[in-house]
Amino acid sequence: MILEGKGGIKVELVLASTNYFDVPIYTFKLHYHRFIHGELLTHRLFSRNSSSSRAIPVDKMLDYIKNNPAYPIHWGKNKTGMQADEECTNILKFGKSDISYISDELWLKSCKKSLKYAKSFNKSGYHKQIVNRLTEPYQFMNTILTATEFTNFFKLRIDKSAQPEIQELAQLMQECIYNTSPQYLTEGQYHLPFIDFVDGVYYAYDRQVTLDEAIKISVSLCAQVSYRKEDYTIEKADKIFNMLIGMQPKHLSPFEHIAKPFKTHDYTTLMELNELLDETDVVHNDLLFKNNFRCWEQIRNDYEYL
C-alpha cells in the first residue's frame, strides 16, 4: 500500500506479518523532509536505515533538490512555546531593495542560494559529506523502518502539538496499518521486506528465489536505501551482503528488518517464568522482547558474532 500526503510526504507499507502470538510486525518505506528526521530517531523501538547525505553523489542530490525542494507544509506564526497553531501569511521583505515575497517564494530563493554554494564547494573538490550538508533543509530523504511497537509513536506524533510534517507522516503510517491484513508466518518462516512469499515460495521481482537468496536480496535492498536505486539482482545482493558482514566493524543494521517469529516453546517458557515472577495473569512485557521487537527475532542476531 502506498499513500501520498501533503508536501511530498509518501508512505509505502512494504510488508506486514503476524505470528502465533498475534503480534504484527510492519516494514515501511518512508519519504519525508529531512528536517524532521531527528524526531523519528527519538523512537528507540524502531529499526531504521536512511538515505545518507554522506553517500549520495552531489550532482544527483542537487538535481533532485532543484526539481523537488522540501517545503514546510504549515507556515507557523511565531508564538511562545514549541507549537505554532496559527498559520502566518505575513509578507516578507528581503534584500537591499526590500523586495516583497510570500513565504514559499523566499524559501525557494534561499534554496537556490544553497544550491549555488554547494556547487561551488563541489567544484573546488570538497567531499559530498561536506557539500550535501549545505542543502539539508531542502532535502527529502528515504527511510526503511521496521517495528512491532507503534502505539507511543502515534500517540506523540499525531497529537496537535507535534510538528505538522511528522503529524502527516504518522497519520499516513497509521492509515496503512489500519487498512492492511498482515500475512501469517509460522516457525521457520521469515518477515522479508521486498520479497513476496506465496504458497511457501519466495519471489523477488517476480523471480523465484531460494530462502538464502531471498534473505540476501532483502538485506541488500534495505541497505540500498542509503545511497542508490533498488537493484534486485542476486549478484548485487551477494556483493552488498558480503560487504556488510565482511566490514570491520560489521554494518548489520540492514539485517534488523528481516525477522522470524518466536518459537512457541520459547513463549511457553516465558509464560512459566512469568508465573514465578508475578501471580497475576499479566505477562511481563520485557520478557517478550528480543532487541527492540516483541515476539520476533531479528536475523541480525545470527550474524552478530560470526
# chains A, B, ... in the order shown; residues from 1 in each chain; ligands from 1
call {"tool": "residues_around", "arguments": {"residues": "segment 215-220 of chain A", "least_positions_apart": "5", "cutoff": "6 Å", "atoms": "only C-alpha atoms", "output": "PyMOL selection string"}}
result
chain A and resi 192-194+237+240-241+254-255
call {"tool": "write_last_selection", "arguments": {"atoms": "N, CA and C atoms", "output": "mmCIF file, in the first residue's frame"}}
result
data_model
loop_
_atom_site.group_PDB
_atom_site.id
_atom_site.type_symbol
_atom_site.label_atom_id
_atom_site.label_comp_id
_atom_site.auth_asym_id
_atom_site.auth_seq_id
_atom_site.Cartn_x
_atom_site.Cartn_y
_atom_site.Cartn_z
ATOM 1 N N LEU A 192 10.312 -10.830 5.328
ATOM 2 C CA LEU A 192 11.360 -10.445 4.373
ATOM 3 C C LEU A 192 10.887 -9.269 3.519
ATOM 4 N N PRO A 193 11.214 -8.048 3.906
ATOM 5 C CA PRO A 193 10.809 -6.883 3.111
ATOM 6 C C PRO A 193 11.294 -6.978 1.666
ATOM 7 N N PHE A 194 10.426 -6.571 0.740
ATOM 8 C CA PHE A 194 10.684 -6.542 -0.701
ATOM 9 C C PHE A 194 10.651 -7.933 -1.343
ATOM 10 N N ALA A 237 22.960 -8.373 -4.655
ATOM 11 C CA ALA A 237 22.657 -8.765 -3.280
ATOM 12 C C ALA A 237 23.854 -9.448 -2.631
ATOM 13 N N ILE A 240 26.597 -6.785 -1.799
ATOM 14 C CA ILE A 240 26.292 -5.925 -0.654
ATOM 15 C C ILE A 240 26.253 -6.728 0.634
ATOM 16 N N PHE A 241 25.625 -7.909 0.598
ATOM 17 C CA PHE A 241 25.531 -8.770 1.777
ATOM 18 C C PHE A 241 26.920 -9.103 2.307
ATOM 19 N N PRO A 254 20.999 -3.188 8.434
ATOM 20 C CA PRO A 254 20.009 -3.673 7.450
ATOM 21 C C PRO A 254 19.466 -5.069 7.766
ATOM 22 N N PHE A 255 20.187 -5.837 8.587
ATOM 23 C CA PHE A 255 19.745 -7.182 8.954
ATOM 24 C C PHE A 255 18.593 -7.142 9.960
#
call {"tool": "residues_around", "arguments": {"residues": "Asn179 of chain A", "least_positions_apart": "4", "cutoff": "12 Å", "atoms": "only C-alpha atoms", "output": "PyMOL selection string"}}
result
chain A and resi 1-3+13+16+172-175
call {"tool": "write_last_selection", "arguments": {"atoms": "C-alpha atoms", "output": "PDB file, in the first residue's frame"}}
result
ATOM      1  CA  MET A   1       0.000   0.000   0.000  1.00  0.00           C
ATOM      2  CA  ILE A   2       1.306   3.461  -0.962  1.00  0.00           C
ATOM      3  CA  LEU A   3      -0.182   6.697   0.363  1.00  0.00           C
ATOM      4  CA  LEU A  13       3.820  -0.247   3.666  1.00  0.00           C
ATOM      5  CA  ALA A  16       3.150  -6.682   7.221  1.00  0.00           C
ATOM      6  CA  LEU A 172      -0.328   8.048   6.778  1.00  0.00           C
ATOM      7  CA  MET A 173       1.527   5.227   8.544  1.00  0.00           C
ATOM      8  CA  GLN A 174      -1.411   4.642  10.876  1.00  0.00           C
ATOM      9  CA  GLU A 175      -3.825   4.581   7.940  1.00  0.00           C
TER      10      GLU A 175
END
call {"tool": "closest_residue", "arguments": {"among": "A:Asn152, A:Asn291, A:Gln171, A:Asn67", "to": "His43 of chain A", "atoms": "only C-alpha atoms"}}
result
A:Asn152
call {"tool": "residues_around", "arguments": {"residues": "Asn49 of chain A", "least_positions_apart": "3", "cutoff": "7 Å", "atoms": "only C-alpha atoms", "output": "VMD selection string"}}
result
chain A and resid 143 to 145 222 to 223 225 to 226 254
call {"tool": "write_last_selection", "arguments": {"atoms": "N, CA and C atoms", "output": "PDB file, in the first residue's frame"}}
result
ATOM      1  N   THR A 143      13.604   6.404   4.167  1.00  0.00           N
ATOM      2  CA  THR A 143      13.944   5.566   5.315  1.00  0.00           C
ATOM      3  C   THR A 143      13.175   4.254   5.244  1.00  0.00           C
ATOM      4  N   ILE A 144      13.881   3.155   5.481  1.00  0.00           N
ATOM      5  CA  ILE A 144      13.242   1.859   5.712  1.00  0.00           C
ATOM      6  C   ILE A 144      13.087   1.718   7.221  1.00  0.00           C
ATOM      7  N   LEU A 145      11.877   1.459   7.677  1.00  0.00           N
ATOM      8  CA  LEU A 145      11.593   1.390   9.116  1.00  0.00           C
ATOM      9  C   LEU A 145      10.810   0.121   9.413  1.00  0.00           C
ATOM     10  N   CYS A 222      17.295  -3.237   1.771  1.00  0.00           N
ATOM     11  CA  CYS A 222      17.175  -2.383   2.957  1.00  0.00           C
ATOM     12  C   CYS A 222      18.412  -1.505   3.112  1.00  0.00           C
ATOM     13  N   ALA A 223      19.566  -2.028   2.711  1.00  0.00           N
ATOM     14  CA  ALA A 223      20.805  -1.245   2.787  1.00  0.00           C
ATOM     15  C   ALA A 223      20.878  -0.214   1.673  1.00  0.00           C
ATOM     16  N   VAL A 225      18.795   1.723   0.400  1.00  0.00           N
ATOM     17  CA  VAL A 225      18.053   2.966   0.578  1.00  0.00           C
ATOM     18  C   VAL A 225      18.983   4.121   0.907  1.00  0.00           C
ATOM     19  N   SER A 226      20.161   3.820   1.451  1.00  0.00           N
ATOM     20  CA  SER A 226      21.061   4.885   1.886  1.00  0.00           C
ATOM     21  C   SER A 226      21.755   5.590   0.728  1.00  0.00           C
ATOM     22  N   PRO A 254      20.999  -3.188   8.434  1.00  0.00           N
ATOM     23  CA  PRO A 254      20.009  -3.673   7.450  1.00  0.00           C
ATOM     24  C   PRO A 254      19.466  -5.069   7.766  1.00  0.00           C
TER      25      PRO A 254
END
call {"tool": "select_by_dssp", "arguments": {"residues": "segment 10-96 of chain A", "states": "strand (DSSP E or B)", "output": "count of residues only"}}
result
27
call {"tool": "atom_distance", "arguments": {"atom1": "atom CA of Lys160 of chain A", "atom2": "atom CA of Met82 of chain A"}}
result
11.2 Å
call {"tool": "residues_around", "arguments": {"residues": "segment 301-303 of chain A", "least_positions_apart": "6", "cutoff": "12 Å", "atoms": "only C-alpha atoms", "output": "number ranges by chain"}}
result
A: 241-242, 244-246, 250-260, 290-292
call {"tool": "select_by_dssp", "arguments": {"residues": "segment 37-201 of chain A", "states": "alpha helix (DSSP H)", "output": "PyMOL selection string"}}
result
chain A and resi 37-41+58-67+103-123+128-131+151-157+164-178
call {"tool": "write_last_selection", "arguments": {"atoms": "C-alpha atoms", "output": "short mmCIF file (atom, residue, chain, number, x, y, z; two decimals), in the first residue's frame"}}
result
data_model
loop_
_atom_site.label_atom_id
_atom_site.label_comp_id
_atom_site.auth_asym_id
_atom_site.auth_seq_id
_atom_site.Cartn_x
_atom_site.Cartn_y
_atom_site.Cartn_z
CA HIS A 37 14.39 13.05 10.79
CA GLY A 38 15.62 13.77 14.31
CA GLU A 39 12.09 13.45 15.64
CA LEU A 40 11.80 9.98 14.12
CA LEU A 41 15.11 8.95 15.68
CA VAL A 58 26.44 15.69 -5.06
CA ASP A 59 25.20 16.07 -8.64
CA LYS A 60 22.32 13.66 -8.02
CA MET A 61 21.42 15.38 -4.76
CA LEU A 62 21.45 18.88 -6.28
CA ASP A 63 19.43 17.78 -9.28
CA TYR A 64 16.79 16.16 -7.09
CA ILE A 65 16.50 19.21 -4.82
CA LYS A 66 16.24 21.52 -7.82
CA ASN A 67 13.21 19.58 -9.06
CA SER A 103 6.77 32.52 2.38
CA ASP A 104 7.25 29.81 -0.24
CA GLU A 105 8.89 32.26 -2.68
CA LEU A 106 11.56 33.32 -0.18
CA TRP A 107 12.07 29.72 0.96
CA LEU A 108 12.71 28.75 -2.68
CA LYS A 109 15.09 31.69 -3.09
CA SER A 110 17.10 30.52 -0.07
CA CYS A 111 17.12 27.00 -1.55
CA LYS A 112 18.56 28.27 -4.84
CA LYS A 113 21.28 30.15 -2.94
CA SER A 114 22.22 27.00 -1.04
CA LEU A 115 22.42 25.05 -4.31
CA LYS A 116 24.86 27.65 -5.70
CA TYR A 117 27.04 27.48 -2.58
CA ALA A 118 27.02 23.68 -2.73
CA LYS A 119 28.06 23.71 -6.40
CA SER A 120 30.97 25.98 -5.55
CA PHE A 121 32.19 23.64 -2.81
CA ASN A 122 31.76 20.67 -5.15
CA LYS A 123 33.74 22.26 -7.99
CA LYS A 128 29.91 15.10 -0.52
CA GLN A 129 29.77 14.66 3.26
CA ILE A 130 30.53 18.40 3.41
CA VAL A 131 28.79 19.65 0.28
CA THR A 151 1.38 2.98 19.95
CA ASN A 152 3.63 5.55 21.60
CA PHE A 153 4.77 6.93 18.23
CA PHE A 154 1.21 7.54 17.07
CA LYS A 155 0.22 8.97 20.47
CA LEU A 156 3.01 11.56 20.36
CA ARG A 157 3.29 12.33 16.65
CA PRO A 164 2.94 19.26 11.10
CA GLU A 165 5.27 17.31 8.81
CA ILE A 166 5.70 14.41 11.23
CA GLN A 167 1.98 14.52 12.04
CA GLU A 168 1.29 13.95 8.35
CA LEU A 169 3.84 11.13 8.18
CA ALA A 170 2.44 9.38 11.28
CA GLN A 171 -1.17 9.70 10.10
CA LEU A 172 -0.33 8.05 6.78
CA MET A 173 1.53 5.23 8.54
CA GLN A 174 -1.41 4.64 10.88
CA GLU A 175 -3.82 4.58 7.94
CA CYS A 176 -1.67 1.94 6.22
CA ILE A 177 -1.71 -0.26 9.32
CA TYR A 178 -5.47 0.08 9.79
#
